[in-house]
Amino acid sequence: MIPRFTTALAGPLLDLEKHFLDKAVAVNHWLHGQWQAHVPPFYASVDLRNSGFKLAPVDTNLFPGGWNNLPALFHPLCAQAVVSAIERHRPGARKLLLIPESHTRNPFYLQNVRQLTTILQRAGLDVRIGSLLPGIAAPTRIPLADGQSLVLEPVLRPGPERRRLTLQDFDPDVILLNNDLSGGIPGILEDLREQALIPPLHAGWATRRKSDHFAAFKEVAARFAEAIGIDPWLIDPDFAVCDSIDFRERTGEERLAAHVDAVLSRTRARYREYGIKAPPFVIVKANAGTYGMGIMTLRDAAEVKGLNRKQRNKMAVVKEGLPVTEVLVQEGVPTMETVNGAAAEPAIYMIDRYVVGGFYRAHADRRRDENLNAPGMHFQPLSFEGSCAMPDPCCGPDAPPNRFFAYGVVAQLALLAASLELQRHAPRAERACGPLTLMECLSA
């Protein structure tokens, strides 16, 4: 059955997309110039929201799962991008050690690892999978639902100097993490002096904060908007940060309510400016972490004090059982897109600086102002051929190639923000362009 897609086909977003098409040469030139000056992450996925009046990123994942949701049609494009990424991060590398999450009982994540391995192998790499689980003491075959399997092998750090990670009979040139380090940085990964470790350790949730990413994105969006002549608010979600919060003990509630009210007030003002009649809302989410945990929708600051015990417990911890003490209060961007009647949002996947595909995340039981990354979600590939890097001048702005071109542009802006974010927070010796400010780096 062919899925039925509907999107917002009226209002300012069409104007924004048309502006992207009219300025396609300038857009691509600007992005190309930025990638001449900055090193993109090895890979990333960006969740976007298309509201019909705004197109903005709401999350950027630097250890993307979900590769199993990309159709095989995209694999050749992915493999070509992997070659570029490897040459950028470790020229000449041939052996790659992939270190995944420890989800040996999550069949969907394991299928993701299988597909990611296949993509890496198609790029000409010799790939083995290492496990950080203490229970993996010997090569262990994990069967998958589709009849395939994965072999997990214990990671070693041999020799008196202990500067390299190996497997029993495999000495890799490069180590690729598909583990977001939510539970902290394992000692076995620290101070590797002879191998490229990508993404770097400071990209993991042990140290990374979403607020840092969206602060970088705000600067990227402002410079991009100036370059092509648009209001940056059309692509940039407002946000605030609330720290010292404890949902179970109900401490920090007044401070959180104040931040919620401030973001709602600023959003109402922009809605009035654009004649938007819909009521604004905010998404409150843990400032570190993924998997759609620690997220809630609020439409009024008074709702903060009205949270029941179940809601507070749900917000209190995220992946790996880590307590939430700091949250991002983000302007909510409602989705106007549906797949077979279910609220949907696009997820765009990139390797190196290239858009390599994507899919719609859809959820039949969630509203357009709610988090869709939740149990019960399903996925549909984005219905385009090749990549969304090139628009079709013969079609209107709402035609799939052109809508997906707009998606690719905004996703690349988020990727650029991630590059700047990592550069800013890297140890000084690792910074690609020295101790520059983000604005100085953007101007490079």
# chains A, B, ... in the order shown; residues from 1 in each chain; ligands from 1
>>> residues_around(residues="A:Asn178", least_positions_apart="5", cutoff="6 Å", atoms="only C-alpha atoms", output="list in words")
Phe63, Ile99 and Pro100 of chain A
>>> write_last_selection(atoms="all heavy atoms", output="tab-separated table (two decimals), in the first residue's frame")
chain	number	residue	atom	x	y	z
A	63	PHE	N	24.65	10.69	17.17
A	63	PHE	CA	24.89	9.24	17.17
A	63	PHE	C	23.61	8.58	16.62
A	63	PHE	O	22.95	7.82	17.32
A	63	PHE	CB	25.20	8.72	18.57
A	63	PHE	CG	26.39	9.38	19.21
A	63	PHE	CD1	26.26	10.58	19.89
A	63	PHE	CD2	27.65	8.80	19.13
A	63	PHE	CE1	27.35	11.20	20.48
A	63	PHE	CE2	28.75	9.42	19.72
A	63	PHE	CZ	28.61	10.61	20.39
A	99	ILE	N	31.22	0.70	17.60
A	99	ILE	CA	30.81	0.45	18.98
A	99	ILE	C	29.38	0.93	19.17
A	99	ILE	O	29.12	2.14	19.20
A	99	ILE	CB	31.76	1.15	19.98
A	99	ILE	CG1	33.16	0.59	19.82
A	99	ILE	CG2	31.26	0.96	21.41
A	99	ILE	CD1	34.17	1.16	20.80
A	100	PRO	N	28.43	0.01	19.28
A	100	PRO	CA	27.03	0.39	19.39
A	100	PRO	C	26.59	0.58	20.84
A	100	PRO	O	27.38	0.39	21.77
A	100	PRO	CB	26.32	-0.80	18.75
A	100	PRO	CG	27.18	-1.96	19.14
A	100	PRO	CD	28.60	-1.44	19.16
>>> residues_around(residues="A:His38", least_positions_apart="3", cutoff="7 Å", atoms="only C-alpha atoms", output="MDAnalysis selection string")
chainID A and resid 34:35 419
>>> atom_distance(atom1="atom CA of A:Ser182", atom2="atom CA of A:Pro199")
14.0 Å
>>> atom_distance(atom1="atom CA of A:Ile245", atom2="atom CA of A:Leu264")
19.6 Å
>>> residues_around(residues="stretch 354-371 of chain A", least_positions_apart="5", cutoff="6 Å", atoms="only C-alpha atoms", output="MDAnalysis selection string")
chainID A and resid 77:78 334:335 342:349 377:382 387
>>> residues_around(residues="A:Glu249", least_positions_apart="5", cutoff="10 Å", atoms="only C-alpha atoms", output="ChimeraX atom specification")
/A:312-313,316
>>> write_last_selection(atoms="N, CA, C and O atoms", output="mmCIF file, in the first residue's frame")
data_model
loop_
_atom_site.group_PDB
_atom_site.id
_atom_site.type_symbol
_atom_site.label_atom_id
_atom_site.label_comp_id
_atom_site.auth_asym_id
_atom_site.auth_seq_id
_atom_site.Cartn_x
_atom_site.Cartn_y
_atom_site.Cartn_z
ATOM 1 N N ARG A 312 5.382 13.701 36.756
ATOM 2 C CA ARG A 312 6.655 14.125 37.342
ATOM 3 C C ARG A 312 7.677 13.003 37.314
ATOM 4 O O ARG A 312 8.861 13.221 37.040
ATOM 5 N N ASN A 313 7.236 11.786 37.583
ATOM 6 C CA ASN A 313 8.155 10.637 37.533
ATOM 7 C C ASN A 313 8.669 10.415 36.108
ATOM 8 O O ASN A 313 9.833 10.039 35.906
ATOM 9 N N ALA A 316 11.394 12.848 35.457
ATOM 10 C CA ALA A 316 12.486 12.870 36.435
ATOM 11 C C ALA A 316 13.751 12.167 35.966
ATOM 12 O O ALA A 316 14.849 12.489 36.423
#
>>> atom_distance(atom1="atom CA of A:Asn106", atom2="atom CA of A:Lys310")
24.9 Å
>>> residues_around(residues="A:Ile276", least_positions_apart="3", cutoff="12 Å", atoms="only C-alpha atoms", output="list in words")
Gly11, Pro12, Ser51, Gly52, Phe53, Lys54, Thr267, Arg268, Ala269, Arg270, Tyr271, Arg272, Glu273, Pro279 and Pro280 of chain A
>>> closest_atom_pairs(of="stretch 279-345 of chain A", to="stretch 227-243 of chain A", cutoff="6 Å", atoms="only C-alpha atoms", output="JSON lines")
{"residue": "A:Glu326", "atom": "CA", "partner": "A:Asp243", "partner_atom": "CA", "distance": 4.2}
{"residue": "A:Val327", "atom": "CA", "partner": "A:Cys242", "partner_atom": "CA", "distance": 5.4}
{"residue": "A:Leu328", "atom": "CA", "partner": "A:Val241", "partner_atom": "CA", "distance": 4.8}
{"residue": "A:Val329", "atom": "CA", "partner": "A:Ala240", "partner_atom": "CA", "distance": 5.1}
{"residue": "A:Gln330", "atom": "CA", "partner": "A:Phe239", "partner_atom": "CA", "distance": 4.3}
{"residue": "A:Glu331", "atom": "CA", "partner": "A:Asp238", "partner_atom": "CA", "distance": 5.1}
>>> residues_around(residues="A:Arg309", least_positions_apart="5", cutoff="10 Å", atoms="only C-alpha atoms", output="ChimeraX atom specification")
/A:247-248,314-315
>>> write_last_selection(atoms="N, CA, C and O atoms", output="short mmCIF file (atom, residue, chain, number, x, y, z; two decimals), in the first residue's frame")
data_model
loop_
_atom_site.label_atom_id
_atom_site.label_comp_id
_atom_site.auth_asym_id
_atom_site.auth_seq_id
_atom_site.Cartn_x
_atom_site.Cartn_y
_atom_site.Cartn_z
N PHE A 247 11.98 17.16 39.55
CA PHE A 247 10.55 16.94 39.36
C PHE A 247 9.93 16.13 40.49
O PHE A 247 8.79 16.38 40.88
N ARG A 248 10.66 15.18 41.02
CA ARG A 248 10.09 14.34 42.09
C ARG A 248 9.93 15.12 43.38
O ARG A 248 8.93 14.99 44.09
N LYS A 314 7.79 10.64 35.13
CA LYS A 314 8.19 10.46 33.74
C LYS A 314 9.25 11.47 33.33
O LYS A 314 10.13 11.18 32.51
N MET A 315 9.18 12.67 33.89
CA MET A 315 10.14 13.72 33.56
C MET A 315 11.41 13.63 34.38
O MET A 315 12.41 14.28 34.06
#
>>> select_by_dssp(residues="stretch 190-364 of chain A", states="strand (DSSP E)", output="PyMOL selection string")
chain A and resi 196-198+239-242+282-286+295-298+327-331+337-339+342-351+354-363
>>> closest_residue(among="A:Arg299, A:Arg49, A:His75, A:Arg209", to="A:Ile119", atoms="only C-alpha atoms")
A:His75
>>> closest_residue(among="A:Leu132, A:Leu150, A:Val409, A:Val155", to="A:Asn112", atoms="only C-alpha atoms")
A:Leu150
>>> closest_residue(among="A:Ala196, A:Leu110, A:Ala288, A:Leu167", to="A:Pro91", atoms="only C-alpha atoms")
A:Ala196
>>> closest_residue(among="A:His425, A:Ala93, A:Ala26, A:Ile142", to="A:Glu226", atoms="only C-alpha atoms")
A:Ala26
>>> select_by_dssp(residues="stretch 88-241 of chain A", states="alpha helix (DSSP H)", output="PyMOL selection string")
chain A and resi 88-89+107-122+210-228
>>> closest_residue(among="A:Ala72, A:Val220, A:Leu133, A:Ile351", to="A:Arg88", atoms="only C-alpha atoms")
A:Ile351
